[in-house]
Amino acid sequence: MSDALAGTAKSAVKWSLITEMIAKIIIPITQLVLARILAPEAFGILATVVMIVSFAEMISDAGFQKYLIQYEFEDEQGLFRAASVAFWASMGVATTLMLLVILFRDALASMVGAPGLGIPLAVAALSLPLSVLVSTQQALFRRAFEYKRLLPIRVAVAAVPLVVSVPLALIGWDYWSLIVGVLTANLLNAVAMTAISHWKPGFSFSWQFLRKMLGFSVWSLLEAVLIWMTVWSGTFIVGNLLTAHELGLYRQPILVVNSAFAVITAATTPILFAALSRLQFDRAGYKSFFFRFQFSVSTVLLPLGVGLFFFRDFVTDLLLGPQWGEAALMLGAWAATSAFNMVLTNYYSEVFRSLGRPRVSALSQGIYLLVMIPSLYLAALDGFQTLVIVQALVRIVSMGISQVLVFLLARIGVLQVLKNLYPPILAVTAMGMAAWLLAGMADGGWGLSAAGIVVCSLVYGLACLCFSRTRKLLLDFAAAGLKRLRRA
């Protein structure tokens with residue numbers, strides 16, 4: 001890997017991490033406040049609305065964002081022409097889907113187990129054209145590693161629910177406060193990104209460009225559909241077989257956990273894809289970059305997931321309040337499996353796409369769905385708790401599927417992965433044993449629970465110091481922190 005690309009990627013990671021850390025400080029505060037104002041049913045209703053709208057947004061994007069990042073254009077003019085084609089093609093699809101959602105709002109609401117929610121669904125669909133503008137601009141910023149310029153926009157968008165949804169919830173707008181917050185955030189995002197972007201939507205269009213883009217994007221779109229089904233199948237099943245209350249208990253822990261993990265994943269995944277795309281013809285540099293990336297993120301994600309699992313009751317009470325006690329198992333199980341799933345599954349998808357093989361990632365998702373959907377359906381028939389346990393077990397299957405496929409395509413074998421990751425895995429095992437002994441402190445009050453978390457963090461840090469690679473990573477991180485303090 002060239003020194004220039006390494007430096008660019010490092011700078012992008014820094015600014016992306018800063019952006020996501022600030023945003024993810026704001027988001028949990030908002031969720032904490034809203035969870036104490038609104039009942040779980042309100043979040044269940046929002047989940048139903050978002051499920052339909054997110055599917056329409058994904059179809060309208062048609063996978064063009066991945067194409068704009070991955071493809072090697074001859075010059076900036078060619079890139080901007082492709083961006084204009086992607087924008088107008090996506091806008092046409094988005095407008096059509098918006099009208100269809102509005103026309104068939106009641107039928108769609110009934111289909112997903114939420115009869116009577118047609119009007120909220122139609123209102124939320126107004127965000128579809130906005131999402132097209134955001135996705136096109138976002139692809140260009142990510143391709144150029146321009147994360148520093150996105151910092152103020154990302155922070156402002158993250159703050160919208162706090163300044164819009166919370167006041168509306170306080171005056172009794174219920175689930176409408178959440179929907180209005182989403183719409184406002186999308187509008188702000190679209191306007192702000194367009195204002196600072198070098199590219200503006202032009203009126204040029206090329207069918208030749210579109211055919212070329214569709215050749216790549218059709219597989220990215222298929223993969224996106226399958227990912228959407230993976231993400232939302234549980235919501236659909238719970239919404240149809242269980243109650244709106246249980247749907248809220250199911251979705252809100254997922255949002256909380258994903259927000260916590262997104263500090264790392266949202267900041268690093270786009271950078272991994274862009275960097276690997278530039279290295280796709282240098283296989284030695286490619287594998288070296290990926291293994292260093294995988295090792296670095298695992299040192300943060302694995303202890304975060306294991307810690308949230310063992311201290312799930314304390315975290316649920318802290319972030320959501322006592323009325324969400326039934327959601328603790330869902331929060332803990334989702335956190336633990338997400339940590340390993342992101343390291344051993346999600347990042348492999350970026351490998352497939354960066355090598356121009358999105359169909360492999362689509363195959364992985366398709367195989368997993370064949371196992372996931374019937375398992376969750378049968379589990380839901382037995383009740384909410386059974387669904388949570390079965391879902392956690394089934395997610396392990398996706399790790400095995402992805403590992404087989406990444407070996408066949410990129411020759412990244414399971415032994416290489418274990419050799420790369422054994423220091424953080426052993427360190428987090430030691431931490432997990434300490435957490436298992438100390439998690440009972442959650443019954444003794446917040447102070448004792450917080451003390452248990454501190455002890456587990458120290459155990460993990462000491463265990464990391466026993467291995468040269470994790471020790472070096474910690475020392476480098478500490479040195480960078482001290483350097484910034486001196487500058488301040």
# chains A, B, ... in the order shown; residues from 1 in each chain; ligands from 1
$ closest_atom_pairs --of "range 141-250 of chain A" --to "range 323-345 of chain A" --cutoff "12 Å" --atoms "only C-alpha atoms" --output "CSV"
residue,atom,partner,partner_atom,distance
A:His245,CA,A:Trp324,CA,10.2
A:Glu246,CA,A:Ala327,CA,8.7
A:Leu247,CA,A:Ala327,CA,10.2
A:Gly248,CA,A:Ala327,CA,8.8
A:Leu249,CA,A:Ala327,CA,5.1
A:Tyr250,CA,A:Met330,CA,6.7
$ atom_distance --atom1 "CA of Met431 in chain A" --atom2 "CA of Gly447 in chain A"
19.4 Å
$ select_by_dssp --residues "range 83-267 of chain A" --states "helix (DSSP H, G or I)" --output "PyMOL selection string"
chain A and resi 83-103+105-111+118-143+151-170+175-196+207-241+244-267
$ write_last_selection --atoms "C-alpha atoms" --output "compact mmCIF listing (two decimals), in the first residue's frame"
# COMPACT_ATOMS: atom_id res chain seq x y z
CA ALA A 83 -22.84 11.02 -10.36
CA SER A 84 -25.40 12.98 -12.40
CA VAL A 85 -26.62 9.81 -14.12
CA ALA A 86 -26.88 8.04 -10.78
CA PHE A 87 -28.75 10.98 -9.27
CA TRP A 88 -31.42 11.29 -11.97
CA ALA A 89 -31.95 7.55 -12.33
CA SER A 90 -32.33 7.23 -8.55
CA MET A 91 -34.56 10.30 -8.34
CA GLY A 92 -36.93 8.86 -10.93
CA VAL A 93 -37.21 5.60 -9.00
CA ALA A 94 -37.54 7.40 -5.64
CA THR A 95 -40.35 9.65 -6.86
CA THR A 96 -42.23 6.68 -8.30
CA LEU A 97 -41.86 4.71 -5.08
CA MET A 98 -42.95 7.70 -3.00
CA LEU A 99 -46.17 7.98 -5.01
CA LEU A 100 -46.80 4.24 -4.73
CA VAL A 101 -46.32 4.30 -0.96
CA ILE A 102 -48.72 7.25 -0.67
CA LEU A 103 -51.35 5.60 -2.90
CA ARG A 105 -50.33 3.34 2.27
CA ASP A 106 -53.15 1.49 4.04
CA ALA A 107 -52.50 -1.81 2.26
CA LEU A 108 -48.75 -1.58 3.00
CA ALA A 109 -49.40 -0.80 6.65
CA SER A 110 -51.70 -3.80 7.00
CA MET A 111 -49.19 -6.05 5.19
CA GLY A 118 -51.13 4.45 6.51
CA ILE A 119 -50.93 8.22 7.08
CA PRO A 120 -47.65 8.11 9.07
CA LEU A 121 -46.22 5.85 6.37
CA ALA A 122 -47.21 8.27 3.60
CA VAL A 123 -45.70 11.24 5.46
CA ALA A 124 -42.43 9.40 6.09
CA ALA A 125 -42.22 8.54 2.37
CA LEU A 126 -41.64 12.24 1.62
CA SER A 127 -38.03 11.67 2.65
CA LEU A 128 -37.34 9.43 -0.37
CA PRO A 129 -36.28 12.18 -2.83
CA LEU A 130 -34.10 13.71 -0.12
CA SER A 131 -32.33 10.41 0.46
CA VAL A 132 -31.26 10.28 -3.21
CA LEU A 133 -29.46 13.62 -2.94
CA VAL A 134 -27.80 12.55 0.31
CA SER A 135 -26.62 9.16 -1.00
CA THR A 136 -25.04 10.64 -4.16
CA GLN A 137 -23.22 13.40 -2.31
CA GLN A 138 -22.15 11.01 0.42
CA ALA A 139 -20.58 8.62 -2.09
CA LEU A 140 -18.44 11.42 -3.55
CA PHE A 141 -17.26 12.59 -0.12
CA ARG A 142 -16.39 9.05 0.94
CA ARG A 143 -14.55 8.32 -2.29
CA LEU A 151 -18.14 16.78 10.61
CA PRO A 152 -20.42 19.79 11.23
CA ILE A 153 -23.21 18.35 9.07
CA ARG A 154 -23.15 14.95 10.77
CA VAL A 155 -23.23 16.55 14.21
CA ALA A 156 -26.08 18.90 13.27
CA VAL A 157 -28.13 16.03 11.80
CA ALA A 158 -27.54 13.90 14.91
CA ALA A 159 -28.79 16.77 17.08
CA VAL A 160 -32.10 17.15 15.19
CA PRO A 161 -34.03 14.50 17.17
CA LEU A 162 -32.86 16.15 20.40
CA VAL A 163 -34.08 19.61 19.42
CA VAL A 164 -37.13 18.51 17.40
CA SER A 165 -38.42 15.11 18.55
CA VAL A 166 -37.99 15.61 22.29
CA PRO A 167 -40.03 18.88 22.50
CA LEU A 168 -42.77 17.37 20.31
CA ALA A 169 -42.87 14.24 22.48
CA LEU A 170 -43.20 16.38 25.59
CA TYR A 175 -44.89 8.57 17.50
CA TRP A 176 -45.36 11.64 15.28
CA SER A 177 -42.53 13.31 17.19
CA LEU A 178 -40.18 10.55 15.97
CA ILE A 179 -41.37 10.74 12.36
CA VAL A 180 -41.08 14.54 12.19
CA GLY A 181 -37.58 14.27 13.64
CA VAL A 182 -36.52 11.82 10.92
CA LEU A 183 -37.92 14.03 8.14
CA THR A 184 -36.24 17.16 9.52
CA ALA A 185 -32.89 15.39 9.80
CA ASN A 186 -33.09 14.14 6.20
CA LEU A 187 -33.95 17.61 4.90
CA LEU A 188 -31.08 19.24 6.79
CA ASN A 189 -28.65 16.56 5.59
CA ALA A 190 -29.62 16.96 1.93
CA VAL A 191 -29.46 20.77 1.91
CA ALA A 192 -26.18 21.01 3.85
CA MET A 193 -24.34 18.36 1.80
CA THR A 194 -25.36 19.98 -1.47
CA ALA A 195 -24.25 23.38 -0.22
CA ILE A 196 -20.65 22.29 0.50
CA TRP A 207 -28.04 5.78 -21.19
CA GLN A 208 -24.61 4.33 -21.97
CA PHE A 209 -23.35 5.35 -18.52
CA LEU A 210 -26.50 3.97 -16.93
CA ARG A 211 -26.13 0.55 -18.59
CA LYS A 212 -22.50 0.38 -17.50
CA MET A 213 -23.38 1.29 -13.93
CA LEU A 214 -26.25 -1.17 -13.79
CA GLY A 215 -23.88 -3.98 -14.77
CA PHE A 216 -22.14 -3.49 -11.42
CA SER A 217 -25.00 -2.08 -9.39
CA VAL A 218 -27.53 -4.83 -10.04
CA TRP A 219 -25.52 -7.16 -7.81
CA SER A 220 -24.99 -4.45 -5.21
CA LEU A 221 -28.74 -3.82 -5.29
CA LEU A 222 -29.50 -7.51 -4.87
CA GLU A 223 -27.11 -7.64 -1.95
CA ALA A 224 -28.73 -4.53 -0.45
CA VAL A 225 -32.18 -6.15 -0.73
CA LEU A 226 -30.90 -9.26 1.00
CA ILE A 227 -29.24 -7.18 3.72
CA TRP A 228 -32.50 -5.29 4.18
CA MET A 229 -34.30 -8.60 4.58
CA THR A 230 -31.68 -9.71 7.11
CA VAL A 231 -32.04 -6.49 9.10
CA TRP A 232 -35.83 -6.26 8.98
CA SER A 233 -37.05 -9.87 8.89
CA GLY A 234 -37.13 -10.01 12.66
CA THR A 235 -39.14 -6.78 12.80
CA PHE A 236 -41.63 -8.10 10.25
CA ILE A 237 -42.04 -11.39 12.12
CA VAL A 238 -42.43 -9.73 15.53
CA GLY A 239 -44.84 -7.16 14.09
CA ASN A 240 -47.07 -9.86 12.67
CA LEU A 241 -46.87 -12.57 15.35
CA ALA A 244 -46.56 -3.63 19.27
CA HIS A 245 -45.17 -3.57 22.82
CA GLU A 246 -42.89 -6.51 22.07
CA LEU A 247 -41.93 -4.95 18.74
CA GLY A 248 -40.71 -1.92 20.67
CA LEU A 249 -38.79 -4.19 23.07
CA TYR A 250 -37.21 -5.85 20.03
CA ARG A 251 -36.25 -2.80 17.96
CA GLN A 252 -35.15 -0.27 20.57
CA PRO A 253 -32.28 -2.40 21.99
CA ILE A 254 -31.08 -2.95 18.41
CA LEU A 255 -31.02 0.81 17.84
CA VAL A 256 -29.18 1.43 21.13
CA VAL A 257 -26.54 -1.23 20.46
CA ASN A 258 -26.09 -0.26 16.82
CA SER A 259 -25.61 3.37 17.88
CA ALA A 260 -22.87 2.32 20.30
CA PHE A 261 -21.08 0.17 17.74
CA ALA A 262 -21.55 2.72 14.98
CA VAL A 263 -19.00 4.98 16.67
CA ILE A 264 -16.49 2.48 15.25
CA THR A 265 -18.26 0.85 12.30
CA ALA A 266 -19.80 3.93 10.71
CA ALA A 267 -16.46 5.68 10.96
$ atom_distance --atom1 "CA of Pro201 in chain A" --atom2 "CA of Phe73 in chain A"
18.2 Å
$ atom_distance --atom1 "CA of Leu474 in chain A" --atom2 "CA of Phe291 in chain A"
17.2 Å
$ closest_residue --among "A:Ile37, A:Cys464, A:Leu242, A:Leu117" --to "Gly172 in chain A" --atoms "only C-alpha atoms"
A:Ile37
$ decode --residues "range 405-473 of chain A" --atoms "C-alpha atoms" --output "tab-separated table (two decimals), in the first residue's frame"
chain	number	residue	atom	x	y	z
A	405	LEU	CA	-16.62	-17.35	0.97
A	406	VAL	CA	-13.83	-14.92	1.88
A	407	PHE	CA	-11.37	-17.81	1.74
A	408	LEU	CA	-12.58	-18.85	-1.71
A	409	LEU	CA	-12.42	-15.31	-3.10
A	410	ALA	CA	-9.55	-13.59	-1.25
A	411	ARG	CA	-7.68	-16.55	0.27
A	412	ILE	CA	-8.24	-15.21	3.79
A	413	GLY	CA	-8.42	-18.46	5.77
A	414	VAL	CA	-9.80	-19.10	9.24
A	415	LEU	CA	-6.35	-19.97	10.62
A	416	GLN	CA	-4.98	-16.67	9.34
A	417	VAL	CA	-7.88	-14.85	10.99
A	418	LEU	CA	-7.37	-16.65	14.32
A	419	LYS	CA	-3.63	-15.94	14.18
A	420	ASN	CA	-4.43	-12.30	13.54
A	421	LEU	CA	-7.08	-11.97	16.26
A	422	TYR	CA	-5.95	-14.28	19.06
A	423	PRO	CA	-4.57	-11.47	21.31
A	424	PRO	CA	-7.88	-9.54	21.59
A	425	ILE	CA	-9.88	-12.80	21.73
A	426	LEU	CA	-7.85	-14.10	24.68
A	427	ALA	CA	-7.95	-10.69	26.37
A	428	VAL	CA	-11.71	-10.45	26.03
A	429	THR	CA	-12.07	-14.02	27.34
A	430	ALA	CA	-10.28	-12.96	30.53
A	431	MET	CA	-12.51	-9.90	30.73
A	432	GLY	CA	-15.61	-12.05	30.20
A	433	MET	CA	-14.68	-14.32	33.10
A	434	ALA	CA	-14.31	-11.27	35.35
A	435	ALA	CA	-17.60	-9.84	34.05
A	436	TRP	CA	-19.39	-13.13	34.76
A	437	LEU	CA	-18.25	-12.93	38.38
A	438	LEU	CA	-19.01	-9.22	38.78
A	439	ALA	CA	-22.20	-8.77	36.73
A	440	GLY	CA	-24.30	-9.76	39.74
A	441	MET	CA	-23.40	-6.37	41.17
A	442	ALA	CA	-26.12	-4.96	38.92
A	443	ASP	CA	-28.56	-5.96	41.68
A	444	GLY	CA	-26.61	-3.90	44.16
A	445	GLY	CA	-27.17	-0.50	42.58
A	446	TRP	CA	-25.63	1.72	39.92
A	447	GLY	CA	-22.49	2.46	41.91
A	448	LEU	CA	-21.49	-1.19	42.29
A	449	SER	CA	-22.36	-1.90	38.65
A	450	ALA	CA	-20.19	0.97	37.49
A	451	ALA	CA	-17.37	-0.32	39.70
A	452	GLY	CA	-17.72	-3.75	38.09
A	453	ILE	CA	-17.42	-2.23	34.62
A	454	VAL	CA	-14.27	-0.36	35.66
A	455	VAL	CA	-12.72	-3.57	37.03
A	456	CYS	CA	-13.52	-5.45	33.81
A	457	SER	CA	-11.97	-2.66	31.75
A	458	LEU	CA	-8.79	-2.90	33.83
A	459	VAL	CA	-8.70	-6.69	33.41
A	460	TYR	CA	-9.01	-6.30	29.65
A	461	GLY	CA	-6.31	-3.62	29.52
A	462	LEU	CA	-3.89	-5.72	31.60
A	463	ALA	CA	-4.59	-8.78	29.45
A	464	CYS	CA	-3.86	-6.74	26.31
A	465	LEU	CA	-0.50	-5.72	27.78
A	466	CYS	CA	0.49	-9.41	27.82
A	467	PHE	CA	0.60	-9.51	24.00
A	468	SER	CA	3.05	-7.46	21.96
A	469	ARG	CA	0.62	-6.38	19.25
A	470	THR	CA	-2.18	-5.24	21.57
A	471	ARG	CA	0.41	-3.68	23.89
A	472	LYS	CA	1.83	-1.67	20.99
A	473	LEU	CA	-1.67	-0.62	19.94
